[in-house]
Amino acid sequence: MAGIGLLLLFLLASFLITVFLGRYMAKVFEGQPTILHPVLHPLEKVLLLLGGWKPDLPITWQQYCKDLLWFNFLSGLLAFFVIRFQHLLPLNPLHFPGMEPLQAFNTVCSFVTNTNWQSYSGEMTLSNLSQMLALTFWMVIGAASGLSVCTAFLRGLTHRPLGSFYQDFTRAVVYVFLPFLLVSGLFFVSQGVPQTLTQQVTIQTVEGTPQKIAVGPVASLLAIKQLGTNGGGFFNANSAHPYENPNPLTNFVEIMLELAIPMGLIYLFGLWLKDRRQSWMIWGSMMGLFLIFFSVSYYFEQSGNPMLSSLSSVQIDQNASLNHSGGNIEGKEVRFGILPSVLFSTATTATSTGAVNNMHDSLTPIAGLVPLADMMLNVIFGGVGVGLMGFLLYGIIAVFLTGLMVGRTPEIFGKKIEKAEIILASIAILLHPLIILVPTAIAVMNNFGLSALNNVGPHGLSEILYAYTSAAANNGSAFAGLNANTPWYNVSIGIVILLGRYPSIIALLAIAGSLLAKPKVEPGPGTLRTNTILFAVVWVGIILIVGALTFVPVLMLGPIADQLAMLAHKTF
Amino acid sequence: MLTVLALLSFSTFFLGFAGLIHFCEWVLSRREVNT
C-alpha cells in the first residue's frame with residue numbers, strides 16, 4: 001500500500017511541477033516579469049553588464065552555437081587548471097595533490113557537458129575549492145547551457161527569434177537555478193546534509209575508537225546535482241551516502257528535483273506553441289515509457305535473486321513483509337528499500353542525471369537493463385533541455401516517415417520538413433549508437449579494456465557497455481565493477497562525452513534555424529496532426545523501433561544473457 | 001607533457017565542433033541549391 005501511495009504522490013507531484021515550473025520558465029525565457037522579478041532583475045542586469053553581453057539581440061543559430069562553444073570551452077579550461085593545480089590553490093586543508101592530467105581531461109569533459117562522470121572518489125581526491133569551483137559551479141554552467149540551448153531550439157520550432165545565448169544563460173542561472181537551488185539547498189541542510197568548509201571531522205565510535213568522517217559543502221552540491229540533472233556526487237557513494245541522502249523524504253525530493261526542469265520544459269513548449277494538448281501528448285508519452293521501464297525493473301528486483309531462492313541449505317526470506325522489503329536488497333540502502341531505490345534508478349537514468357542511491361551493478365540483470373535502455377533511448381524526460389530536444393528530433397523523423405507512408409506532406413508545428421532537416425536529424429540520431437558501440441567493441445577486444453574489469457562474461461560486457469552508454473547520454477552514473485581510472489577509459493570516455501553533447505546540439509540548432517527561416521504553413525486537410533494519441537503511438541513506436549534495432553543485439557549479449565545464465569545458476 | 005596534450009586535445013575537439021557548424025551550414029545550403 002505504501003508503495004502505491006508513493007507512486008500516486010510521485011504522479012501528483014510530477015503533474016504539479018510540470019504546470020507550475022513550465023509556466024514560470026515560459027515567462028522567464030520570454031523576458032516577462034515573474035514574482036521574483038523585483039529581487040532578481042537587478043542581478044540579471046549586473047551580470048549582463050559584467051559579461052559585456054547585449055541583451056535581447058536576436059542572433060543566428062550559427063552565432064548561438066559559437067557563443068555556447070566559446071563559453072563552454074573557456075569554462076572548461078578554467079576548471080582544468082583548478083583541479084590540475086589544486087595543490088597550489090587555497091581551501092585544500094588535507095593537501096590533496098593536483099589531479100592527474102588524463103583524469104583531469106576526463107573530469108573537465110564530464111563537468112562542462114553536464115555529464116559528471118567521475119573516475120575518482122570526490123572526498124578523497126578533490127579539495128574544497130575544487131569541489132565548489134570546478135564541480136558545483138560548473139554543474140550550474142553545464143545545466144544552464146543545456147537549458148539555454150533547449151529554449152533556443154523551442155523558439156525555432158514555435159516561430160520566434162532564437163534569442164541570445166548569453167541572455168538565455170543569464171536568465172537560466174538567475175531566475176531558474178539561483179532561487180530553486182537556494183530553497184532546495186536549505187531544505188537539505190534542514191534534513192541533516194552538511195554544508196561546511198571543514199573537510200573532515202573526528203568522532204568517537206561506540207566502541208571508543210576515533211573515526212574520521214568526510215564532510216564539506218555537500219548541500220549546495222547536492223541541490224544542483226539533482227536540479228541540474230548533473231549527478232556527480234560529493235561522496236563516492238553518491239546519494240546512497242547518508243550525508244547525501246539522509247532519509248526517505250530527501251530521497252523523494254531528490255527524485256522530483258531531477259525531473260522538475262525536463263518536465264517543466266514540456267509544458268513551456270506547449271505554451272509557446274499555443275497548443276497545450278501537444279505538451280500533454282509528449283508528457284504522457286514520456287511518463288508512459290517511464291512507468292513501463294520502472295515496472296519492469298521493480299518486478300525483477302522485488303522478485304529477488306532466483307539463485308538465493310533455490311538454495312536448500314540456507315533459508316533466505318526474499319518475500320516482502322512488515323519487517324523488511326524483501327526482494328533483491330543487495331547494493332541497496334535498507335532505509336529506502338526496493339521501490340524508492342528502483343524509482344530513483346529509473347529517474348536518474350531517464351533524466352540523464354547519474355546520481356545513484358543504490359548500486360546499479362547489484363541490480364538483477366534485467367533490472368540493470370532498464371537504466372541502460374533509459375540512457376540508450378535518452379528521450380524519457382532526458383537531461384535539462386537536451387532530453388526534450390531528443391524527443392522532438394524523433395518527432396521530426398516520425399512526421400517524415402508517416403508522411404511517406406500515408407502520402408501526406410511532412411510538416412511539424414507548421415513548418416515543412418525537407419531533406420536537409422532529415423539529414424541533420426539522422427546524423428544526430430545515428431551518432432549516439434556509434435559512440436556507444438564502437439568504443440565498447442574496442443574495449444572488449446583489447447586487454448587495456450578488459451583488464452579494468454572485475455567481472456567476466458556477459459556481466460563484464462554490461463559494465464563496459466554501461467560506461468560508454470552513460471558517457472554518450474551525458475548521464476554520468478556508473479555500473480561499478482569497472483576501474484575507469486585508466487588512461488584508456490579516462491581518454492575514451494572523455495571523448496565520448498564530448499561527442500555525445502555538442503554535435504547533436506549543433507545539428508538540432510541548425511534544424512531550428514532552418515525551420516525558423518521557413519514560412520509558416522497553416523494546417524489544412526493534408527496536415528498530419530501531431531497532438532493526437534494515434535501520432536503519440538507512432539512517435540513512441542519509432543523511438544522504440546530505432547532503439548531496439550540498434551541496441552538489442554548488444555543487450556542480448558550483455559544483460560539478457562546474464563539473466564538467462566543466472567536462471568541456470570551461473571554468475572560472473 | 002601530458003597536461004599540454006590533454007589541453008590540446010580538449011581545444012582540438014572544440015575546434016572540430018566549430019567546424020561542424022560549417023558542415024551543417026553546408027547541408028542546409030545544398031537544400032537551397034536543389035530547390
# chains A, B, ... in the order shown; residues from 1 in each chain; ligands from 1

$ closest_atom_pairs --of "chain A" --to "chain B" --cutoff "7 Å" --atoms "only C-alpha atoms" --output "CSV"
residue,atom,partner,partner_atom,distance
A:Gln62,CA,B:Ile21,CA,6.5
A:Lys66,CA,B:Ala18,CA,6.8
A:Leu69,CA,B:Phe14,CA,6.8
A:Phe73,CA,B:Phe14,CA,6.9
A:Pro101,CA,B:Thr3,CA,5.0
A:Leu102,CA,B:Ala6,CA,6.4
A:Phe105,CA,B:Ala6,CA,5.8
A:Ala420,CA,B:Leu28,CA,5.5
A:Tyr502,CA,B:Phe17,CA,6.9
A:Pro503,CA,B:Phe17,CA,6.7
A:Ile506,CA,B:Ile21,CA,6.5
A:Ala507,CA,B:Cys24,CA,6.6
A:Ala510,CA,B:Cys24,CA,6.5

$ write_last_selection --atoms "C-alpha atoms" --output "CSV table (one decimal), in the first residue's frame"
chain,number,residue,atom,x,y,z
A,62,GLN,CA,25.4,29.7,-36.0
A,66,LYS,CA,29.6,29.7,-31.4
A,69,LEU,CA,31.1,26.6,-27.6
A,73,PHE,CA,35.5,25.9,-23.8
A,101,PRO,CA,46.3,15.1,-16.5
A,102,LEU,CA,44.2,12.4,-18.2
A,105,PHE,CA,40.8,15.8,-19.0
A,420,ALA,CA,18.3,18.9,-45.2
A,502,TYR,CA,27.9,19.1,-28.9
A,503,PRO,CA,27.4,17.5,-32.3
A,506,ILE,CA,24.7,21.9,-33.2
A,507,ALA,CA,22.6,19.7,-35.5
A,510,ALA,CA,20.8,24.1,-37.2

$ residues_around --residues "His324 in chain A" --least-positions-apart "6" --cutoff "12 Å" --atoms "only C-alpha atoms" --output "list in words"
Gln302, Asp317, Gln318, Glu333, Val334, Arg335, Phe336, Gly337 and Ile338 of chain A

$ write_last_selection --atoms "N, CA, C and O atoms" --output "PDB file, in the first residue's frame"
ATOM      1  N   GLN A 302      11.847  -6.883  -7.030  1.00  0.00           N
ATOM      2  CA  GLN A 302      11.008  -7.379  -5.940  1.00  0.00           C
ATOM      3  C   GLN A 302      10.936  -8.900  -5.954  1.00  0.00           C
ATOM      4  O   GLN A 302      10.738  -9.531  -4.916  1.00  0.00           O
ATOM      5  N   ASP A 317      14.737 -15.411   3.324  1.00  0.00           N
ATOM      6  CA  ASP A 317      13.382 -14.923   3.062  1.00  0.00           C
ATOM      7  C   ASP A 317      13.457 -13.706   2.144  1.00  0.00           C
ATOM      8  O   ASP A 317      13.941 -12.653   2.543  1.00  0.00           O
ATOM      9  N   GLN A 318      12.994 -13.861   0.912  1.00  0.00           N
ATOM     10  CA  GLN A 318      13.007 -12.732  -0.031  1.00  0.00           C
ATOM     11  C   GLN A 318      11.602 -12.172  -0.264  1.00  0.00           C
ATOM     12  O   GLN A 318      11.396 -11.376  -1.175  1.00  0.00           O
ATOM     13  N   GLU A 333      20.132   0.574   0.009  1.00  0.00           N
ATOM     14  CA  GLU A 333      20.052   1.060   1.379  1.00  0.00           C
ATOM     15  C   GLU A 333      18.792   0.479   2.012  1.00  0.00           C
ATOM     16  O   GLU A 333      17.684   0.644   1.461  1.00  0.00           O
ATOM     17  N   VAL A 334      18.940  -0.170   3.171  1.00  0.00           N
ATOM     18  CA  VAL A 334      17.785  -0.773   3.841  1.00  0.00           C
ATOM     19  C   VAL A 334      16.774   0.311   4.221  1.00  0.00           C
ATOM     20  O   VAL A 334      15.563   0.098   4.187  1.00  0.00           O
ATOM     21  N   ARG A 335      17.273   1.535   4.514  1.00  0.00           N
ATOM     22  CA  ARG A 335      16.344   2.600   4.919  1.00  0.00           C
ATOM     23  C   ARG A 335      15.444   3.036   3.763  1.00  0.00           C
ATOM     24  O   ARG A 335      14.439   3.705   3.969  1.00  0.00           O
ATOM     25  N   PHE A 336      15.808   2.715   2.514  1.00  0.00           N
ATOM     26  CA  PHE A 336      14.938   3.060   1.371  1.00  0.00           C
ATOM     27  C   PHE A 336      14.110   1.858   0.916  1.00  0.00           C
ATOM     28  O   PHE A 336      12.937   1.983   0.622  1.00  0.00           O
ATOM     29  N   GLY A 337      14.727   0.689   0.813  1.00  0.00           N
ATOM     30  CA  GLY A 337      14.004  -0.483   0.323  1.00  0.00           C
ATOM     31  C   GLY A 337      13.952  -0.539  -1.191  1.00  0.00           C
ATOM     32  O   GLY A 337      14.600   0.254  -1.884  1.00  0.00           O
ATOM     33  N   ILE A 338      13.141  -1.450  -1.715  1.00  0.00           N
ATOM     34  CA  ILE A 338      13.158  -1.743  -3.157  1.00  0.00           C
ATOM     35  C   ILE A 338      12.548  -0.605  -3.989  1.00  0.00           C
ATOM     36  O   ILE A 338      13.193  -0.056  -4.882  1.00  0.00           O
TER      37      ILE A 338
END

$ atom_distance --atom1 "CA of Asn328 in chain A" --atom2 "CA of Glu301 in chain A"
5.3 Å

$ closest_residue --among "A:Asp562, A:Pro93, A:Pro161, A:Ala219" --to "Met132 in chain A" --atoms "only C-alpha atoms"
A:Ala219

$ select_by_dssp --residues "range 199-386 of chain A" --states "strand (DSSP E or B)" --output "count of residues only"
11

$ closest_residue --among "A:Trp488, A:Phe572, A:Phe169, A:Phe413" --to "Phe29 in chain A" --atoms "only C-alpha atoms"
A:Phe169

$ residues_around --residues "Ser184 in chain A" --least-positions-apart "5" --cutoff "10 Å" --atoms "only C-alpha atoms" --output "list in words"
Pro179, Val189, Ser190, Ala219, Ser220, Leu222, Ala223, Ile224, Gln226, Leu227, Thr250, Val253, Glu254 and Leu257 of chain A

$ write_last_selection --atoms "N, CA and C atoms" --output "compact mmCIF listing (two decimals), in the first residue's frame"
# COMPACT_ATOMS: atom_id res chain seq x y z
N PRO A 179 17.21 30.73 -7.39
CA PRO A 179 16.20 30.62 -6.34
C PRO A 179 15.88 29.17 -5.94
N VAL A 189 19.88 21.03 4.07
CA VAL A 189 20.57 21.33 5.33
C VAL A 189 19.64 21.01 6.51
N SER A 190 18.36 21.38 6.36
CA SER A 190 17.40 21.13 7.44
C SER A 190 17.23 19.64 7.71
N ALA A 219 25.51 20.18 0.79
CA ALA A 219 24.12 20.55 0.46
C ALA A 219 24.04 21.36 -0.83
N SER A 220 24.98 22.31 -1.01
CA SER A 220 24.94 23.14 -2.22
C SER A 220 25.20 22.28 -3.46
N LEU A 222 24.65 19.03 -3.67
CA LEU A 222 23.52 18.10 -3.82
C LEU A 222 22.35 18.75 -4.55
N ALA A 223 22.08 20.02 -4.21
CA ALA A 223 20.94 20.72 -4.83
C ALA A 223 21.11 20.82 -6.34
N ILE A 224 22.28 21.28 -6.79
CA ILE A 224 22.48 21.43 -8.25
C ILE A 224 22.68 20.06 -8.90
N GLN A 226 21.04 17.45 -8.37
CA GLN A 226 19.72 16.90 -8.71
C GLN A 226 18.96 17.82 -9.66
N LEU A 227 18.87 19.11 -9.33
CA LEU A 227 18.06 20.03 -10.15
C LEU A 227 18.64 20.18 -11.56
N THR A 250 14.15 13.13 1.77
CA THR A 250 15.15 13.71 0.87
C THR A 250 15.26 12.86 -0.40
N VAL A 253 12.43 14.00 -2.61
CA VAL A 253 12.70 15.36 -3.14
C VAL A 253 13.81 15.29 -4.19
N GLU A 254 14.80 14.47 -3.98
CA GLU A 254 15.88 14.35 -4.97
C GLU A 254 15.34 13.82 -6.30
N LEU A 257 13.37 16.64 -7.93
CA LEU A 257 14.23 17.73 -8.42
C LEU A 257 14.83 17.39 -9.78

$ closest_residue --among "A:Leu21, A:Leu450, A:Met307, A:Met375" --to "Thr34 in chain A" --atoms "only C-alpha atoms"
A:Leu21

$ atom_distance --atom1 "CA of Phe15 in chain A" --atom2 "CA of Gly264 in chain A"
9.4 Å

$ residues_around --residues "Asp168 in chain A" --least-positions-apart "3" --cutoff "9 Å" --atoms "only C-alpha atoms" --output "list in words"
Phe29, Ala144, Ser145, Leu147, Ser148, Val149, Thr151, Ala152, Gly163, Ser164, Phe165, Arg171, Ala172 and Val173 of chain A

$ decode --residues "chain B" --atoms "N, CA and C atoms" --output "JSON list (two decimals), in the first residue's frame"
[["chain", "number", "residue", "atom", "x", "y", "z"],
["B", 1, "MET", "N", 53.98, 17.26, -19.76],
["B", 1, "MET", "CA", 53.77, 16.88, -21.16],
["B", 1, "MET", "C", 52.33, 16.42, -21.39],
["B", 2, "LEU", "N", 51.89, 15.52, -20.48],
["B", 2, "LEU", "CA", 50.51, 15.03, -20.60],
["B", 2, "LEU", "C", 49.50, 16.15, -20.37],
["B", 3, "THR", "N", 49.86, 17.10, -19.51],
["B", 3, "THR", "CA", 48.97, 18.24, -19.26],
["B", 3, "THR", "C", 48.75, 19.02, -20.55],
["B", 4, "VAL", "N", 49.83, 19.28, -21.26],
["B", 4, "VAL", "CA", 49.74, 20.03, -22.53],
["B", 4, "VAL", "C", 48.92, 19.23, -23.54],
["B", 5, "LEU", "N", 49.18, 17.93, -23.58],
["B", 5, "LEU", "CA", 48.46, 17.06, -24.52],
["B", 5, "LEU", "C", 46.95, 17.06, -24.22],
["B", 6, "ALA", "N", 46.63, 16.99, -22.94],
["B", 6, "ALA", "CA", 45.21, 17.00, -22.55],
["B", 6, "ALA", "C", 44.55, 18.31, -22.96],
["B", 7, "LEU", "N", 45.26, 19.42, -22.73],
["B", 7, "LEU", "CA", 44.70, 20.73, -23.10],
["B", 7, "LEU", "C", 44.54, 20.85, -24.61],
["B", 8, "LEU", "N", 45.55, 20.35, -25.34],
["B", 8, "LEU", "CA", 45.48, 20.42, -26.81],
["B", 8, "LEU", "C", 44.32, 19.59, -27.34],
["B", 9, "SER", "N", 44.13, 18.40, -26.74],
["B", 9, "SER", "CA", 43.02, 17.53, -27.18],
["B", 9, "SER", "C", 41.68, 18.22, -26.94],
["B", 10, "PHE", "N", 41.54, 18.79, -25.76],
["B", 10, "PHE", "CA", 40.29, 19.48, -25.41],
["B", 10, "PHE", "C", 40.02, 20.62, -26.41],
["B", 11, "SER", "N", 41.08, 21.38, -26.72],
["B", 11, "SER", "CA", 40.93, 22.51, -27.65],
["B", 11, "SER", "C", 40.58, 22.02, -29.05],
["B", 12, "THR", "N", 41.24, 20.92, -29.47],
["B", 12, "THR", "CA", 41.01, 20.41, -30.82],
["B", 12, "THR", "C", 39.57, 19.97, -31.01],
["B", 13, "PHE", "N", 39.01, 19.35, -29.99],
["B", 13, "PHE", "CA", 37.62, 18.92, -30.12],
["B", 13, "PHE", "C", 36.69, 20.11, -30.29],
["B", 14, "PHE", "N", 36.93, 21.16, -29.55],
["B", 14, "PHE", "CA", 36.06, 22.33, -29.69],
["B", 14, "PHE", "C", 36.24, 22.99, -31.06],
["B", 15, "LEU", "N", 37.47, 22.93, -31.57],
["B", 15, "LEU", "CA", 37.71, 23.45, -32.92],
["B", 15, "LEU", "C", 36.91, 22.61, -33.93],
["B", 16, "GLY", "N", 36.92, 21.31, -33.70],
["B", 16, "GLY", "CA", 36.15, 20.41, -34.56],
["B", 16, "GLY", "C", 34.66, 20.71, -34.52],
["B", 17, "PHE", "N", 34.16, 21.02, -33.34],
["B", 17, "PHE", "CA", 32.73, 21.34, -33.21],
["B", 17, "PHE", "C", 32.41, 22.64, -33.96],
["B", 18, "ALA", "N", 33.36, 23.59, -33.91],
["B", 18, "ALA", "CA", 33.15, 24.83, -34.67],
["B", 18, "ALA", "C", 33.08, 24.50, -36.16],
["B", 19, "GLY", "N", 33.90, 23.54, -36.58],
["B", 19, "GLY", "CA", 33.87, 23.11, -37.98],
["B", 19, "GLY", "C", 32.53, 22.46, -38.32],
["B", 20, "LEU", "N", 31.96, 21.78, -37.36],
["B", 20, "LEU", "CA", 30.68, 21.11, -37.57],
["B", 20, "LEU", "C", 29.56, 22.13, -37.87],
["B", 21, "ILE", "N", 29.69, 23.31, -37.30],
["B", 21, "ILE", "CA", 28.71, 24.37, -37.60],
["B", 21, "ILE", "C", 28.72, 24.64, -39.10],
["B", 22, "HIS", "N", 29.92, 24.71, -39.68],
["B", 22, "HIS", "CA", 30.02, 24.99, -41.11],
["B", 22, "HIS", "C", 29.52, 23.81, -41.94],
["B", 23, "PHE", "N", 29.72, 22.60, -41.43],
["B", 23, "PHE", "CA", 29.20, 21.43, -42.14],
["B", 23, "PHE", "C", 27.66, 21.50, -42.20],
["B", 24, "CYS", "N", 27.06, 21.85, -41.05],
["B", 24, "CYS", "CA", 25.59, 21.95, -41.03],
["B", 24, "CYS", "C", 25.11, 23.06, -41.95],
["B", 25, "GLU", "N", 25.85, 24.15, -41.98],
["B", 25, "GLU", "CA", 25.53, 25.25, -42.90],
["B", 25, "GLU", "C", 25.54, 24.74, -44.34],
["B", 26, "TRP", "N", 26.55, 23.93, -44.65],
["B", 26, "TRP", "CA", 26.71, 23.39, -46.00],
["B", 26, "TRP", "C", 25.53, 22.47, -46.35],
["B", 27, "VAL", "N", 25.13, 21.63, -45.38],
["B", 27, "VAL", "CA", 23.98, 20.73, -45.62],
["B", 27, "VAL", "C", 22.73, 21.56, -45.92],
["B", 28, "LEU", "N", 22.52, 22.61, -45.13],
["B", 28, "LEU", "CA", 21.32, 23.43, -45.33],
["B", 28, "LEU", "C", 21.40, 24.21, -46.64],
["B", 29, "SER", "N", 22.60, 24.65, -47.03],
["B", 29, "SER", "CA", 22.73, 25.43, -48.26],
["B", 29, "SER", "C", 22.49, 24.56, -49.49],
["B", 30, "ARG", "N", 22.84, 23.29, -49.41],
["B", 30, "ARG", "CA", 22.59, 22.37, -50.53],
["B", 30, "ARG", "C", 21.11, 22.29, -50.86],
["B", 31, "ARG", "N", 20.29, 22.35, -49.80],
["B", 31, "ARG", "CA", 18.83, 22.31, -49.99],
["B", 31, "ARG", "C", 18.38, 23.51, -50.82],
["B", 32, "GLU", "N", 18.97, 24.66, -50.55],
["B", 32, "GLU", "CA", 18.57, 25.86, -51.29],
["B", 32, "GLU", "C", 18.96, 25.76, -52.76],
["B", 33, "VAL", "N", 20.14, 25.15, -53.01],
["B", 33, "VAL", "CA", 20.59, 24.99, -54.40],
["B", 33, "VAL", "C", 19.65, 24.05, -55.14],
["B", 34, "ASN", "N", 19.27, 22.96, -54.48],
["B", 34, "ASN", "CA", 18.42, 21.97, -55.13],
["B", 34, "ASN", "C", 17.03, 22.51, -55.47],
["B", 35, "THR", "N", 16.53, 23.38, -54.60],
["B", 35, "THR", "CA", 15.16, 23.84, -54.85],
["B", 35, "THR", "C", 15.21, 25.11, -55.67]]
